[in-house]
$ cat coords.pdb   # PDB, C-alpha atoms and all ligand atoms
ATOM      1  CA  LYS A   1       9.382  11.404  17.875
ATOM      2  CA  GLU A   2       7.608  13.456  15.208
ATOM      3  CA  LYS A   3       4.105  12.118  14.458
ATOM      4  CA  VAL A   4       4.008  11.658  10.690
ATOM      5  CA  GLU A   5       0.569  12.267   9.219
ATOM      6  CA  ILE A   6      -0.617  12.354   5.614
ATOM      7  CA  THR A   7      -3.074  15.194   5.144
ATOM      8  CA  LYS A   8      -6.448  14.860   3.399
ATOM      9  CA  GLU A   9      -5.220  16.693   0.306
ATOM     10  CA  GLN A  10      -2.066  14.565   0.187
ATOM     11  CA  GLN A  11      -4.255  11.438   0.296
ATOM     12  CA  ALA A  12      -6.343  12.847  -2.564
ATOM     13  CA  LEU A  13      -3.173  13.612  -4.558
ATOM     14  CA  VAL A  14      -1.832  10.064  -4.094
ATOM     15  CA  LYS A  15      -5.207   8.604  -5.109
ATOM     16  CA  VAL A  16      -5.266  10.606  -8.360
ATOM     17  CA  VAL A  17      -1.660   9.708  -9.231
ATOM     18  CA  VAL A  18      -1.971   5.993  -8.388
ATOM     19  CA  GLU A  19      -5.242   5.601 -10.307
ATOM     20  CA  ALA A  20      -3.709   7.303 -13.339
ATOM     21  CA  TYR A  21      -0.551   5.221 -12.980
ATOM     22  CA  ASN A  22      -2.545   1.973 -12.927
ATOM     23  CA  ARG A  23      -4.865   3.126 -15.726
ATOM     24  CA  HIS A  24      -2.003   4.190 -17.964
ATOM     25  CA  GLN A  25      -0.004   0.996 -17.798
ATOM     26  CA  ILE A  26       0.994  -0.729 -20.987
ATOM     27  CA  PRO A  27      -0.234  -4.327 -20.774
ATOM     28  CA  GLN A  28       1.934  -6.613 -18.677
ATOM     29  CA  ASP A  29       1.961  -8.866 -21.739
ATOM     30  CA  VAL A  30       5.589  -8.103 -22.528
ATOM     31  CA  ALA A  31       6.640 -10.369 -19.645
ATOM     32  CA  LYS A  32       4.066 -12.990 -20.634
ATOM     33  CA  LYS A  33       5.247 -12.878 -24.268
ATOM     34  CA  LEU A  34       8.865 -13.285 -23.270
ATOM     35  CA  LEU A  35       7.991 -16.188 -20.951
ATOM     36  CA  GLN A  36       5.906 -17.920 -23.644
ATOM     37  CA  ASP A  37       8.409 -17.986 -26.478
ATOM     38  CA  GLN A  38      12.045 -17.505 -27.298
ATOM     39  CA  TYR A  39      12.294 -14.733 -29.910
ATOM     40  CA  SER A  40      15.041 -13.860 -32.367
ATOM     41  CA  ALA A  41      17.099 -10.705 -31.815
ATOM     42  CA  GLU A  42      15.038  -9.058 -34.604
ATOM     43  CA  GLU A  43      11.721  -9.983 -32.961
ATOM     44  CA  ASN A  44      12.995  -8.841 -29.546
ATOM     45  CA  PHE A  45      14.167  -5.519 -30.971
ATOM     46  CA  LEU A  46      10.789  -5.016 -32.648
ATOM     47  CA  LEU A  47       9.008  -5.941 -29.392
ATOM     48  CA  LEU A  48      11.073  -3.415 -27.452
ATOM     49  CA  THR A  49      10.468  -0.596 -29.959
ATOM     50  CA  GLU A  50       6.723  -1.342 -30.016
ATOM     51  CA  MET A  51       6.515  -1.525 -26.210
ATOM     52  CA  ALA A  52       8.636   1.582 -25.719
ATOM     53  CA  THR A  53       6.575   3.536 -28.288
ATOM     54  CA  SER A  54       3.312   2.650 -26.586
ATOM     55  CA  GLN A  55       4.821   3.389 -23.189
ATOM     56  CA  VAL A  56       5.724   6.942 -24.272
ATOM     57  CA  GLN A  57       2.118   7.482 -25.384
ATOM     58  CA  VAL A  58       0.916   6.138 -22.041
ATOM     59  CA  LEU A  59       3.396   8.391 -20.214
ATOM     60  CA  VAL A  60       1.941  11.485 -21.935
ATOM     61  CA  GLU A  61      -1.548  10.520 -20.740
ATOM     62  CA  PHE A  62      -0.237   9.787 -17.246
ATOM     63  CA  THR A  63       1.428  13.208 -16.895
ATOM     64  CA  LYS A  64      -1.912  14.925 -17.592
ATOM     65  CA  ASN A  65      -3.081  13.549 -14.257
ATOM     66  CA  ILE A  66      -0.138  14.834 -12.245
ATOM     67  CA  PRO A  67      -1.615  17.725 -10.222
ATOM     68  CA  GLY A  68      -0.188  20.972 -11.549
ATOM     69  CA  PHE A  69       1.564  19.475 -14.592
ATOM     70  CA  LEU A  70      -0.831  21.004 -17.118
ATOM     71  CA  SER A  71      -0.376  24.431 -15.458
ATOM     72  CA  LEU A  72       3.339  24.347 -16.333
ATOM     73  CA  ASP A  73       4.612  26.182 -19.398
ATOM     74  CA  ARG A  74       3.715  24.064 -22.440
ATOM     75  CA  GLU A  75       7.285  23.815 -23.698
ATOM     76  CA  ASP A  76       8.434  22.821 -20.218
ATOM     77  CA  GLN A  77       5.859  20.005 -20.219
ATOM     78  CA  ILE A  78       7.432  18.682 -23.446
ATOM     79  CA  ALA A  79      10.964  19.103 -22.037
ATOM     80  CA  LEU A  80      10.011  17.102 -18.933
ATOM     81  CA  LEU A  81       8.471  14.311 -21.034
ATOM     82  CA  LYS A  82      11.423  14.119 -23.423
ATOM     83  CA  GLY A  83      13.866  14.251 -20.525
ATOM     84  CA  SER A  84      12.243  11.499 -18.458
ATOM     85  CA  ALA A  85      10.892   9.040 -21.058
ATOM     86  CA  VAL A  86      13.992   6.804 -21.152
ATOM     87  CA  GLU A  87      14.225   6.701 -17.357
ATOM     88  CA  ALA A  88      10.501   5.961 -17.109
ATOM     89  CA  MET A  89      10.970   3.087 -19.556
ATOM     90  CA  PHE A  90      13.799   1.520 -17.536
ATOM     91  CA  LEU A  91      11.922   2.129 -14.271
ATOM     92  CA  ARG A  92       8.837   0.441 -15.733
ATOM     93  CA  SER A  93      10.961  -2.431 -17.052
ATOM     94  CA  ALA A  94      12.469  -2.852 -13.578
ATOM     95  CA  GLN A  95       9.027  -2.858 -11.990
ATOM     96  CA  VAL A  96       7.772  -5.469 -14.476
ATOM     97  CA  PHE A  97      10.907  -7.541 -13.849
ATOM     98  CA  SER A  98      10.446  -7.286 -10.062
ATOM     99  CA  LYS A  99       6.813  -8.441 -10.070
ATOM    100  CA  LYS A 100       6.217 -11.541  -7.960
ATOM    101  CA  MET A 101       6.160 -14.477 -10.397
ATOM    102  CA  PRO A 102       5.729 -18.244  -9.971
ATOM    103  CA  ASN A 103       8.935 -20.104  -9.143
ATOM    104  CA  GLY A 104      11.508 -20.077 -11.883
ATOM    105  CA  HIS A 105       9.681 -17.531 -14.060
ATOM    106  CA  THR A 106      11.977 -14.640 -13.159
ATOM    107  CA  GLU A 107      15.015 -16.753 -14.034
ATOM    108  CA  VAL A 108      13.506 -17.632 -17.426
ATOM    109  CA  LEU A 109      12.647 -13.968 -18.012
ATOM    110  CA  GLU A 110      16.193 -12.926 -17.126
ATOM    111  CA  GLU A 111      17.615 -15.581 -19.447
ATOM    112  CA  ARG A 112      15.383 -14.469 -22.334
ATOM    113  CA  ILE A 113      16.411 -10.845 -21.828
ATOM    114  CA  ARG A 114      20.087 -11.803 -21.617
ATOM    115  CA  LYS A 115      19.718 -13.556 -24.979
ATOM    116  CA  SER A 116      17.468 -10.930 -26.564
ATOM    117  CA  GLY A 117      20.214  -9.254 -28.573
ATOM    118  CA  ILE A 118      21.452  -6.674 -26.093
ATOM    119  CA  SER A 119      25.261  -6.406 -25.942
ATOM    120  CA  GLU A 120      26.856  -8.275 -23.050
ATOM    121  CA  GLU A 121      28.457  -5.142 -21.535
ATOM    122  CA  PHE A 122      25.052  -3.667 -20.597
ATOM    123  CA  MET A 123      23.708  -6.754 -18.819
ATOM    124  CA  THR A 124      25.395  -6.106 -15.459
ATOM    125  CA  PRO A 125      24.345  -2.455 -14.990
ATOM    126  CA  MET A 126      20.836  -3.244 -16.250
ATOM    127  CA  PHE A 127      20.193  -6.266 -14.051
ATOM    128  CA  ASN A 128      21.929  -4.656 -11.058
ATOM    129  CA  PHE A 129      19.392  -1.848 -11.371
ATOM    130  CA  TYR A 130      16.442  -4.230 -11.855
ATOM    131  CA  LYS A 131      17.450  -6.244  -8.805
ATOM    132  CA  SER A 132      18.059  -3.164  -6.663
ATOM    133  CA  ILE A 133      14.528  -2.012  -7.522
ATOM    134  CA  GLY A 134      13.199  -5.490  -6.722
ATOM    135  CA  GLU A 135      14.879  -5.537  -3.307
ATOM    136  CA  LEU A 136      12.873  -2.451  -2.291
ATOM    137  CA  HIS A 137       9.569  -4.377  -2.594
ATOM    138  CA  MET A 138       7.814  -1.107  -3.469
ATOM    139  CA  VAL A 139       4.068  -0.907  -3.030
ATOM    140  CA  GLU A 140       2.173   0.491  -6.017
ATOM    141  CA  GLU A 141       1.829   3.952  -4.407
ATOM    142  CA  GLU A 142       5.615   4.157  -4.081
ATOM    143  CA  GLN A 143       6.068   3.019  -7.698
ATOM    144  CA  ALA A 144       3.594   5.605  -8.994
ATOM    145  CA  LEU A 145       5.091   8.424  -6.917
ATOM    146  CA  LEU A 146       8.669   7.478  -7.825
ATOM    147  CA  THR A 147       7.768   7.622 -11.537
ATOM    148  CA  THR A 148       6.096  10.999 -10.928
ATOM    149  CA  ILE A 149       9.217  12.307  -9.160
ATOM    150  CA  THR A 150      11.321  11.146 -12.133
ATOM    151  CA  ILE A 151       9.080  13.056 -14.545
ATOM    152  CA  LEU A 152       9.149  16.185 -12.362
ATOM    153  CA  THR A 153      12.951  16.488 -12.402
ATOM    154  CA  PRO A 154      13.643  20.252 -12.626
ATOM    155  CA  ASP A 155      17.120  20.053 -14.211
ATOM    156  CA  ARG A 156      16.130  18.382 -17.485
ATOM    157  CA  PRO A 157      17.536  20.044 -20.640
ATOM    158  CA  TYR A 158      15.582  23.085 -21.938
ATOM    159  CA  VAL A 159      13.334  23.478 -18.857
ATOM    160  CA  LYS A 160      12.838  27.246 -18.476
ATOM    161  CA  ASP A 161      10.886  27.578 -15.215
ATOM    162  CA  GLN A 162      12.784  25.092 -13.008
ATOM    163  CA  GLN A 163      11.310  26.578  -9.823
ATOM    164  CA  ALA A 164       7.771  25.717 -10.932
ATOM    165  CA  VAL A 165       8.821  22.091 -11.546
ATOM    166  CA  GLU A 166      10.721  22.011  -8.247
ATOM    167  CA  ARG A 167       7.569  23.111  -6.365
ATOM    168  CA  LEU A 168       5.539  20.285  -7.922
ATOM    169  CA  GLN A 169       8.281  17.737  -7.290
ATOM    170  CA  GLU A 170       8.610  18.816  -3.656
ATOM    171  CA  THR A 171       4.876  18.220  -3.159
ATOM    172  CA  ILE A 172       5.303  14.637  -4.349
ATOM    173  CA  LEU A 173       8.573  14.125  -2.421
ATOM    174  CA  ASP A 174       6.883  15.259   0.785
ATOM    175  CA  VAL A 175       4.017  12.789   0.552
ATOM    176  CA  LEU A 176       6.350   9.972  -0.579
ATOM    177  CA  ARG A 177       8.653  10.642   2.402
ATOM    178  CA  LYS A 178       5.696  10.408   4.804
ATOM    179  CA  MET A 179       4.404   7.239   3.098
ATOM    180  CA  CYS A 180       7.817   5.583   3.398
ATOM    181  CA  VAL A 181       7.976   6.393   7.129
ATOM    182  CA  LEU A 182       4.480   4.948   7.613
ATOM    183  CA  GLN A 183       4.981   1.953   5.274
ATOM    184  CA  HIS A 184       8.513   1.008   6.430
ATOM    185  CA  PRO A 185       8.758   2.136  10.094
ATOM    186  CA  GLN A 186      11.560  -0.378  10.706
ATOM    187  CA  ASP A 187      13.691   1.141   7.953
ATOM    188  CA  PRO A 188      14.256   4.887   8.479
ATOM    189  CA  GLN A 189      16.635   4.913   5.481
ATOM    190  CA  TYR A 190      14.017   3.511   3.081
ATOM    191  CA  PHE A 191      13.049   6.880   1.558
ATOM    192  CA  ALA A 192      16.720   7.782   0.993
ATOM    193  CA  ARG A 193      17.335   4.386  -0.654
ATOM    194  CA  LEU A 194      14.322   4.900  -2.890
ATOM    195  CA  LEU A 195      15.717   8.246  -4.112
ATOM    196  CA  GLY A 196      19.152   6.684  -4.478
ATOM    197  CA  ARG A 197      17.663   4.370  -7.120
ATOM    198  CA  LEU A 198      16.921   7.456  -9.254
ATOM    199  CA  THR A 199      20.648   8.151  -9.437
ATOM    200  CA  GLU A 200      21.270   4.551 -10.609
ATOM    201  CA  LEU A 201      18.387   4.973 -13.066
ATOM    202  CA  ARG A 202      19.920   8.110 -14.582
ATOM    203  CA  THR A 203      23.284   6.354 -14.983
ATOM    204  CA  LEU A 204      21.691   3.320 -16.658
ATOM    205  CA  SER A 205      19.696   5.610 -18.946
ATOM    206  CA  HIS A 206      22.899   7.197 -20.222
ATOM    207  CA  TYR A 207      23.612   3.874 -21.972
ATOM    208  CA  HIS A 208      20.248   3.633 -23.734
ATOM    209  CA  ALA A 209      21.383   4.850 -27.165
ATOM    210  CA  GLU A 210      24.374   2.466 -27.219
ATOM    211  CA  MET A 211      22.185  -0.391 -25.925
ATOM    212  CA  LEU A 212      19.847   0.141 -28.871
ATOM    213  CA  THR A 213      22.382   0.738 -31.646
ATOM    214  CA  SER A 214      24.500  -2.224 -30.504
ATOM    215  CA  TRP A 215      21.505  -4.587 -30.529
ATOM    216  CA  ARG A 216      22.584  -7.642 -32.540
ATOM    217  CA  VAL A 217      20.354  -6.991 -35.568
ATOM    218  CA  ASN A 218      21.280  -5.884 -39.081
ATOM    219  CA  ASP A 219      18.824  -3.010 -39.348
ATOM    220  CA  HIS A 220      17.952  -0.823 -36.310
ATOM    221  CA  LYS A 221      14.560   0.593 -37.248
ATOM    222  CA  PHE A 222      12.960   3.080 -34.817
ATOM    223  CA  THR A 223       9.500   4.661 -34.828
ATOM    224  CA  PRO A 224       9.382   8.467 -35.382
ATOM    225  CA  LEU A 225       8.299   8.905 -31.761
ATOM    226  CA  LEU A 226      11.317   6.954 -30.484
ATOM    227  CA  CYS A 227      13.646   9.000 -32.717
ATOM    228  CA  GLU A 228      12.240  12.030 -30.890
ATOM    229  CA  ILE A 229      12.769  10.528 -27.464
ATOM    230  CA  TRP A 230      15.850   8.334 -27.825
ATOM    231  CA  ASP A 231      19.230   9.724 -28.937
ATOM    232  CA  VAL A 232      19.200   7.461 -31.975
ATOM    233  CA  GLN A 233      19.226   7.872 -35.814
TER     234      GLN A 233
HETATM  235  O1  LIG B   1      10.162  -4.375 -23.909
HETATM  236  C1  LIG B   1      10.898  -4.151 -22.976
HETATM  237  N1  LIG B   1      10.567  -3.346 -21.931
HETATM  238  C2  LIG B   1       9.287  -2.650 -21.886
HETATM  239  C3  LIG B   1       9.538  -1.184 -22.243
HETATM  240  C4  LIG B   1       8.298  -0.356 -21.993
HETATM  241  C5  LIG B   1       7.758  -0.539 -20.576
HETATM  242  C6  LIG B   1       7.495  -1.993 -20.270
HETATM  243  C7  LIG B   1       8.699  -2.870 -20.509
HETATM  244  C8  LIG B   1      12.272  -4.787 -22.921
HETATM  245  C9  LIG B   1      12.353  -6.122 -23.659
HETATM  246  C10 LIG B   1      13.566  -6.934 -23.245
HETATM  247  C11 LIG B   1      13.688  -8.176 -24.078
HETATM  248  C12 LIG B   1      13.703  -7.817 -25.514
HETATM  249  C13 LIG B   1      12.466  -7.017 -25.820
HETATM  250  O2  LIG B   1      12.460  -5.838 -25.018
HETATM  251  N2  LIG B   1      12.716  -4.962 -21.547
HETATM  252  C14 LIG B   1      13.848  -4.403 -21.065
HETATM  253  C15 LIG B   1      14.755  -3.528 -21.811
HETATM  254  C16 LIG B   1      14.387  -2.202 -21.997
HETATM  255  C17 LIG B   1      15.246  -1.364 -22.700
HETATM  256  C18 LIG B   1      16.435  -1.848 -23.217
HETATM  257 CL1  LIG B   1      17.484  -0.792 -24.086
HETATM  258  C19 LIG B   1      16.790  -3.194 -23.049
HETATM  259  C20 LIG B   1      15.931  -4.046 -22.343
HETATM  260  N3  LIG B   1      14.018  -4.750 -19.785
HETATM  261  C21 LIG B   1      12.984  -5.574 -19.466
HETATM  262  C22 LIG B   1      12.663  -6.221 -18.282
HETATM  263  C23 LIG B   1      11.516  -6.988 -18.228
HETATM  264  F1  LIG B   1      11.193  -7.643 -17.110
HETATM  265  C24 LIG B   1      10.672  -7.131 -19.356
HETATM  266 CL2  LIG B   1       9.261  -8.086 -19.248
HETATM  267  C25 LIG B   1      10.988  -6.474 -20.553
HETATM  268  C26 LIG B   1      12.135  -5.709 -20.583
END
$ encode --input "coords.pdb" --output "structure tokens"
Amino acid sequence: KEKVEITKEQQALVKVVVEAYNRHQIPQDVAKKLLQDQYSAEENFLLLTEMATSQVQVLVEFTKNIPGFLSLDREDQIALLKGSAVEAMFLRSAQVFSKKMPNGHTEVLEERIRKSGISEEFMTPMFNFYKSIGELHMVEEEQALLTTITILTPDRPYVKDQQAVERLQETILDVLRKMCVLQHPQDPQYFARLLGRLTELRTLSHYHAEMLTSWRVNDHKFTPLLCEIWDVQ
């Protein structure tokens, strides 16, 4: 049985990434807001666009702390950010949704989201993904590293030096694999299941433009930053 050991530099890498991940988190208040009041479809749409805009800004800051990211070609850095922002938003939403909450809160949150103005057809894939993330009971290191792996996806559109991105991603995959073995010894498939969520995440993210343009509001106003990132307007 191979003795899995996280090296000193891998520990340092995880520390840097997790601290940046926790520092660059948009306030949890979106869940609190949704639990406090019932909002109209217009207010919910505005809340989402505000939250998503601030999350993109936070994502840019977070990537600066990913070891090696700033050494990538500048245009490739932009391509990776543009290519992963929607997935990072859904992954963050899933992580917020999966947070341990007092009894009944998650049900209220789900209800509020179901009635927020999103078209019915997207509810199932969205909540299936949120619940499949919840079932993993990820620790914060796993959440931070999974987000990092999503950002460091080599085959995003317009990435020129895919090998350079692949090398960075492999560094993160290696330490995440070891952490999963150490954190979930009873579940040898845990790491594979974690990566399998990224496939579900990519599929869900394909719907994002339709989810936004079909939101039950008269006028779909997006911020300039979201027009850059989302395939809308
Ligand atoms: O604001 C949201 N998510 C932010 C985005 C940046 C990172 C932090 C979370 C939205 C809310 C949903 C209600 C209406 C207002 O938007 N949201 C989405 C969501 C995201 C994309 C689309 Cl197209 C549809 C819904 N899923 C959520 C799950 C949750 F648990 C919570 Cl608290 C909120 C969630």
$ residues_around --input "coords.pdb" --residues "Gln163 of chain A" --least-positions-apart "4" --cutoff "9 Å" --atoms "all atoms listed in the file" --output "PyMOL selection string"
chain A and resi 154+167-168
$ resolve_selection --input "coords.pdb" --expression "the PyMOL selection byres (((chain A and resi 109) around 12) and not hetatm)" --output "PyMOL selection string"
chain A and resi 30-39+93-94+96-99+101-108+110-116+127
$ resolve_selection --input "coords.pdb" --expression "the PyMOL selection byres (((chain A and resi 76-85) around 8) and not hetatm)" --output "PyMOL selection string"
chain A and resi 56+59-60+69-70+72-75+86-89+150-154+156-161+228-229
$ residues_around --input "coords.pdb" --residues "Pro67 of chain A" --least-positions-apart "5" --cutoff "10 Å" --atoms "only C-alpha atoms" --output "number ranges by chain"
A: 13-14, 16-17, 168, 171-172
$ atom_distance --input "coords.pdb" --atom1 "atom CA of Ala41 of chain A" --atom2 "atom C23 of ligand LIG 1 (chain B)"
15.2 Å
$ closest_residue --input "coords.pdb" --among "A:Gln233, A:Thr223, A:Asn22, A:Asn128" --to "Leu47 of chain A" --atoms "all atoms listed in the file"
A:Thr223
$ atom_distance --input "coords.pdb" --atom1 "atom C12 of ligand LIG 1 (chain B)" --atom2 "atom CA of Val217 of chain A"
12.1 Å
$ decode --input "coords.pdb" --residues "segment 42-79 of chain A" --atoms "C-alpha atoms" --output "CSV table (one decimal), in the first residue's frame"
chain,number,residue,atom,x,y,z
A,42,GLU,CA,-36.5,41.9,-10.8
A,43,GLU,CA,-34.8,42.2,-7.4
A,44,ASN,CA,-33.5,38.6,-7.6
A,45,PHE,CA,-32.1,39.3,-11.1
A,46,LEU,CA,-30.4,42.4,-9.8
A,47,LEU,CA,-29.0,40.6,-6.8
A,48,LEU,CA,-27.6,37.9,-9.1
A,49,THR,CA,-26.0,40.3,-11.5
A,50,GLU,CA,-24.5,42.3,-8.5
A,51,MET,CA,-23.2,39.2,-6.8
A,52,ALA,CA,-21.9,37.7,-10.0
A,53,THR,CA,-20.1,40.9,-10.9
A,54,SER,CA,-18.4,41.2,-7.6
A,55,GLN,CA,-17.5,37.5,-7.7
A,56,VAL,CA,-15.7,38.0,-11.0
A,57,GLN,CA,-13.7,40.8,-9.4
A,58,VAL,CA,-12.9,38.5,-6.5
A,59,LEU,CA,-11.9,35.7,-8.9
A,60,VAL,CA,-9.3,38.0,-10.6
A,61,GLU,CA,-7.7,38.7,-7.2
A,62,PHE,CA,-7.8,35.0,-6.2
A,63,THR,CA,-6.0,33.9,-9.4
A,64,LYS,CA,-3.1,36.3,-8.6
A,65,ASN,CA,-2.4,34.0,-5.7
A,66,ILE,CA,-2.4,30.8,-7.6
A,67,PRO,CA,1.3,29.8,-7.8
A,68,GLY,CA,2.6,30.2,-11.3
A,69,PHE,CA,-0.6,31.9,-12.7
A,70,LEU,CA,1.1,35.3,-13.1
A,71,SER,CA,4.0,33.7,-14.9
A,72,LEU,CA,1.6,32.6,-17.7
A,73,ASP,CA,1.2,34.5,-20.9
A,74,ARG,CA,-0.9,37.6,-20.1
A,75,GLU,CA,-3.5,36.8,-22.8
A,76,ASP,CA,-3.7,33.2,-21.5
A,77,GLN,CA,-4.4,34.5,-18.0
A,78,ILE,CA,-7.4,36.5,-19.4
A,79,ALA,CA,-8.6,33.5,-21.5
